[in-house]
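File shown: model-v4.csv. Contents: CSV, C-alpha atoms and all ligand atoms.
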chain,number,residue,atom,x,y,z
A,1,MET,CA,-86.7,12.8,-19.1
A,2,SER,CA,-84.2,14.6,-16.9
A,3,GLU,CA,-82.9,12.7,-13.9
A,4,SER,CA,-82.9,13.6,-10.2
A,5,LYS,CA,-79.8,14.9,-8.7
A,6,GLN,CA,-78.3,14.6,-5.2
A,7,LEU,CA,-78.4,18.1,-3.9
A,8,PHE,CA,-77.6,20.1,-0.8
A,9,PHE,CA,-77.3,23.8,0.3
A,10,ALA,CA,-73.9,24.7,1.8
A,11,LEU,CA,-71.4,27.4,2.7
A,12,SER,CA,-68.1,27.3,1.0
A,13,LEU,CA,-64.8,28.5,2.4
A,14,PRO,CA,-62.5,31.2,1.1
A,15,ASP,CA,-59.4,29.5,-0.6
A,16,GLU,CA,-57.0,31.0,1.9
A,17,ILE,CA,-58.9,29.5,4.9
A,18,GLN,CA,-59.3,26.2,3.0
A,19,GLN,CA,-55.5,26.0,2.6
A,20,GLN,CA,-54.9,26.9,6.3
A,21,ILE,CA,-57.3,24.2,7.4
A,22,ILE,CA,-55.6,21.6,5.2
A,23,SER,CA,-52.2,22.5,6.7
A,24,TRP,CA,-53.6,22.4,10.2
A,25,ARG,CA,-55.2,19.0,9.5
A,26,ALA,CA,-51.9,17.6,8.0
A,27,ALA,CA,-50.0,18.7,11.1
A,28,SER,CA,-52.7,17.5,13.6
A,29,PHE,CA,-53.8,14.1,12.5
A,30,ALA,CA,-51.7,10.9,11.9
A,31,ASP,CA,-51.8,9.3,8.5
A,32,GLY,CA,-54.4,6.6,8.6
A,33,ALA,CA,-56.6,8.5,11.1
A,34,GLY,CA,-59.2,8.7,8.4
A,35,ARG,CA,-59.7,9.6,4.7
A,36,PRO,CA,-59.0,13.4,4.2
A,37,VAL,CA,-61.7,15.3,2.4
A,38,ALA,CA,-60.1,17.1,-0.6
A,39,ALA,CA,-59.5,20.8,-0.1
A,40,ALA,CA,-62.0,21.8,-2.8
A,41,ASN,CA,-64.7,19.6,-1.1
A,42,LEU,CA,-64.6,21.3,2.3
A,43,HIS,CA,-67.9,22.9,3.0
A,44,LEU,CA,-70.6,23.4,5.7
A,45,THR,CA,-73.9,21.8,4.9
A,46,LEU,CA,-76.9,24.0,5.6
A,47,ALA,CA,-79.6,21.6,4.4
A,48,PHE,CA,-79.2,18.2,2.9
A,49,LEU,CA,-81.9,17.5,0.2
A,50,GLY,CA,-81.3,14.0,-1.0
A,51,GLU,CA,-82.5,13.1,-4.5
A,52,VAL,CA,-84.2,16.1,-6.1
A,53,SER,CA,-86.2,16.2,-9.4
A,54,PRO,CA,-85.7,19.1,-11.8
A,55,GLU,CA,-89.1,20.5,-10.9
A,56,LYS,CA,-88.4,20.5,-7.1
A,57,GLN,CA,-84.9,22.0,-7.8
A,58,ARG,CA,-86.6,24.9,-9.6
A,59,ALA,CA,-89.0,25.4,-6.7
A,60,LEU,CA,-86.2,25.3,-4.1
A,61,SER,CA,-84.0,27.7,-6.1
A,62,ALA,CA,-86.9,30.2,-6.3
A,63,MET,CA,-87.5,30.0,-2.6
A,64,ALA,CA,-83.7,30.3,-1.8
A,65,GLY,CA,-83.6,33.4,-4.0
A,66,ARG,CA,-86.2,35.1,-1.9
A,67,ILE,CA,-84.2,34.7,1.4
A,68,ARG,CA,-83.3,38.1,2.8
A,69,GLN,CA,-80.9,38.3,5.6
A,70,PRO,CA,-77.5,40.0,6.2
A,71,GLY,CA,-74.2,38.2,6.1
A,72,PHE,CA,-72.5,37.0,9.2
A,73,THR,CA,-69.1,35.8,10.5
A,74,LEU,CA,-68.6,32.2,11.4
A,75,THR,CA,-65.8,31.4,13.9
A,76,LEU,CA,-64.3,28.0,13.4
A,77,ASP,CA,-62.9,27.2,16.9
A,78,ASP,CA,-64.0,23.7,17.7
A,79,ALA,CA,-63.1,20.2,16.4
A,80,GLY,CA,-64.4,16.7,17.3
A,81,GLN,CA,-65.3,13.2,16.1
A,82,TRP,CA,-68.5,11.4,15.6
A,83,LEU,CA,-67.8,7.7,16.0
A,84,ARG,CA,-71.1,6.6,14.6
A,85,SER,CA,-70.7,8.4,11.3
A,86,ARG,CA,-66.9,8.0,11.5
A,87,VAL,CA,-66.3,11.6,10.8
A,88,VAL,CA,-63.8,14.1,12.2
A,89,TRP,CA,-65.1,17.6,12.0
A,90,LEU,CA,-64.3,21.3,12.4
A,91,GLY,CA,-67.1,23.5,13.9
A,92,THR,CA,-68.0,26.3,16.1
A,93,ARG,CA,-68.6,26.6,19.8
A,94,GLN,CA,-71.1,29.4,19.2
A,95,PRO,CA,-73.1,29.2,16.0
A,96,PRO,CA,-74.0,32.7,14.9
A,97,ARG,CA,-77.7,33.6,14.8
A,98,GLY,CA,-77.4,34.2,11.1
A,99,LEU,CA,-76.2,30.7,10.4
A,100,LEU,CA,-79.0,29.1,12.4
A,101,GLN,CA,-81.6,31.4,10.7
A,102,LEU,CA,-80.3,30.5,7.2
A,103,ALA,CA,-80.2,26.8,7.9
A,104,ASN,CA,-83.6,26.7,9.5
A,105,MET,CA,-85.1,28.6,6.6
A,106,LEU,CA,-83.6,26.3,4.0
A,107,ARG,CA,-84.5,23.2,5.9
A,108,ALA,CA,-88.1,24.4,6.3
A,109,GLN,CA,-88.4,25.2,2.6
A,110,ALA,CA,-87.1,21.8,1.8
A,111,ALA,CA,-89.6,20.2,4.1
A,112,ARG,CA,-92.4,22.2,2.5
A,113,SER,CA,-91.3,21.1,-0.9
A,114,GLY,CA,-91.5,17.4,0.1
A,115,CYS,CA,-87.8,16.8,0.0
A,116,TYR,CA,-86.0,14.1,2.0
A,117,GLN,CA,-85.9,15.3,5.6
A,118,SER,CA,-82.7,14.5,7.4
A,119,PRO,CA,-83.4,13.0,10.8
A,120,ARG,CA,-80.1,14.7,12.0
A,121,PRO,CA,-80.6,17.9,13.9
A,122,PHE,CA,-78.5,20.8,12.5
A,123,HIS,CA,-75.0,20.4,13.8
A,124,PRO,CA,-73.0,22.9,11.8
A,125,HIS,CA,-69.7,21.2,10.8
A,126,ILE,CA,-67.1,20.9,8.2
A,127,THR,CA,-66.1,17.2,7.6
A,128,LEU,CA,-62.3,16.9,7.6
A,129,LEU,CA,-61.8,13.2,7.7
A,130,ARG,CA,-64.1,10.3,6.7
A,131,ASP,CA,-63.9,6.6,7.7
A,132,ALA,CA,-62.2,7.5,11.0
A,133,ALA,CA,-63.0,4.1,12.4
A,134,SER,CA,-61.4,4.4,15.8
A,135,ALA,CA,-61.2,7.3,18.2
A,136,VAL,CA,-58.5,9.8,17.1
A,137,ALA,CA,-56.9,12.3,19.4
A,138,ILE,CA,-58.5,15.7,18.6
A,139,PRO,CA,-56.0,18.5,19.2
A,140,PRO,CA,-57.5,21.9,20.1
A,141,PRO,CA,-57.6,24.1,17.0
A,142,GLY,CA,-54.3,26.0,16.9
A,143,PHE,CA,-56.1,29.1,16.1
A,144,ARG,CA,-59.5,30.5,15.3
A,145,TRP,CA,-60.6,30.9,11.7
A,146,SER,CA,-63.0,33.8,11.2
A,147,VAL,CA,-65.0,33.1,8.1
A,148,PRO,CA,-67.0,36.0,6.6
A,149,VAL,CA,-70.1,34.5,5.1
A,150,SER,CA,-71.7,36.7,2.4
A,151,GLY,CA,-73.6,34.0,0.5
A,152,PHE,CA,-74.6,30.4,0.2
A,153,SER,CA,-74.8,27.9,-2.7
A,154,LEU,CA,-76.7,24.9,-4.0
A,155,TYR,CA,-74.4,21.9,-4.7
A,156,GLN,CA,-74.7,18.6,-6.5
A,157,SER,CA,-72.9,15.6,-5.2
A,158,HIS,CA,-71.3,13.4,-7.9
A,159,PHE,CA,-69.8,10.1,-7.2
A,160,ALA,CA,-67.8,8.6,-10.0
A,161,ARG,CA,-64.7,6.4,-10.2
A,162,GLY,CA,-64.5,6.1,-6.5
A,163,ARG,CA,-64.5,9.8,-5.9
A,164,THR,CA,-67.0,12.3,-4.7
A,165,ARG,CA,-67.1,15.7,-6.3
A,166,TYR,CA,-69.3,18.7,-5.4
A,167,VAL,CA,-70.4,20.9,-8.2
A,168,GLN,CA,-71.8,24.4,-7.3
A,169,LEU,CA,-75.0,24.8,-9.3
A,170,GLU,CA,-76.2,28.2,-8.0
A,171,HIS,CA,-75.1,30.9,-5.6
A,172,TRP,CA,-77.0,33.6,-3.7
A,173,SER,CA,-75.7,36.6,-1.9
A,174,LEU,CA,-76.9,37.5,1.6
A,175,THR,CA,-78.3,41.0,1.6
A,176,GLU,CA,-81.2,42.5,3.5
B,1,LIG,P1,-71.2,14.9,6.3
B,1,LIG,O1,-70.1,15.7,5.8
B,1,LIG,O2,-71.4,15.0,7.8
B,1,LIG,O3,-71.2,13.5,5.9
B,1,LIG,C1,-72.9,16.1,1.1
B,1,LIG,O4,-73.0,14.7,1.2
B,1,LIG,C2,-73.2,16.8,2.4
B,1,LIG,O5,-74.4,16.4,2.9
B,1,LIG,C3,-72.2,16.4,3.5
B,1,LIG,O6,-71.9,17.6,4.2
B,1,LIG,C4,-72.9,15.4,4.4
B,1,LIG,O7,-72.6,15.5,5.7
B,1,LIG,C5,-74.3,15.9,4.2
B,1,LIG,N1,-75.2,14.7,4.4
B,1,LIG,C6,-75.2,13.6,3.7
B,1,LIG,N2,-76.2,12.8,4.1
B,1,LIG,C7,-76.9,13.5,5.0
B,1,LIG,C8,-78.1,13.2,5.8
B,1,LIG,N3,-78.8,12.1,5.7
B,1,LIG,N4,-78.5,14.2,6.7
B,1,LIG,C9,-77.8,15.4,6.8
B,1,LIG,N5,-76.7,15.7,6.1
B,1,LIG,C10,-76.3,14.7,5.2
I'd like the structure from this file rewritten - as structure tokens, please.
Amino acid sequence: MSESKQLFFALSLPDEIQQQIISWRAASFADGAGRPVAAANLHLTLAFLGEVSPEKQRALSAMAGRIRQPGFTLTLDDAGQWLRSRVVWLGTRQPPRGLLQLANMLRAQAARSGCYQSPRPFHPHITLLRDAASAVAIPPPGFRWSVPVSGFSLYQSHFARGRTRYVQLEHWSLTE
């Protein structure tokens, strides 16, 4: 019997922006402020699905493939810290309508499929540092990153030998 997987829908970042964010993070936060998320793991979660069976995964993929909406631009111009989850994040002051529409649709589809429902409201963010136990000084982002979003993906979260790795399982383009 196939096993359930830990899955989530997310947006990835173009390599160039990934690298710029990593450089900005290195220059902006002291060593020891938190555990830096690896460049390849930077992402913005749209819908967290928890443990998903192969049957549910197939149903979720089919529904995701029927989403029709145009791409949008995400402006990363905000940063902050959540003390409770010990996370330092990068985000946006003004989430574009397309982002909210996409996340709402994926979250609604997940709820209808009987997936785990996150109690967290949708706060679009890219986690930069984990285990940031004490308050860290958050510098204003030195510049704005404009991220063109032309698609979204389904990821599996793997935890092995003390490391988390995200594997892209499927990708869909945003088109009307
Ligand atoms: P985080 O970065 O704020 O921790 C893979 O673990 C992705 O799913 C991460 O972006 C993580 O958010 C998010 N995630 C993990 N558990 C979650 C939960 N219970 N509710 C919402 N998102 C969650």
Could the residues that lie within 10 Å of ligand LIG 1 (chain B), counting only C-alpha atoms and all ligand atoms, be listed as an NGL selection string?
:A and (6-11 or 37 or 41-50 or 82 or 85-89 or 116-130 or 155-158 or 164-166)
Non-local contacts of Gly151 of chain A (8 Å; all atoms listed in the file; under 6 positions in same chain excluded) as a VMD selection string:
chain A and resid 11 71 171 to 174
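Taking atom CA of Glu3 of chain A and atom CA of Ala111 of chain A as the two end points, the separation is 20.6 Å.
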Taking only C-alpha atoms into account, which of A:Ala108, A:Ile17, A:Leu100, A:Ala133 comes nearest Trp145 of chain A?
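Residue with the minimum atom-to-atom distance to Trp145 of chain A: A:Ile17.
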Calculate how many Å separate atom CA of Gln18 of chain A from atom CA of Gly34 of chain A, rounding to one decimal.
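That distance, rounded to one decimal, is 18.3 Å.
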Residue nearest Ile138 of chain A among A:Gly114, A:Gly80, A:Pro96, A:Gly91 (counting all atoms listed in the file):
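For Ile138 of chain A, the nearest of the candidates is A:Gly80.
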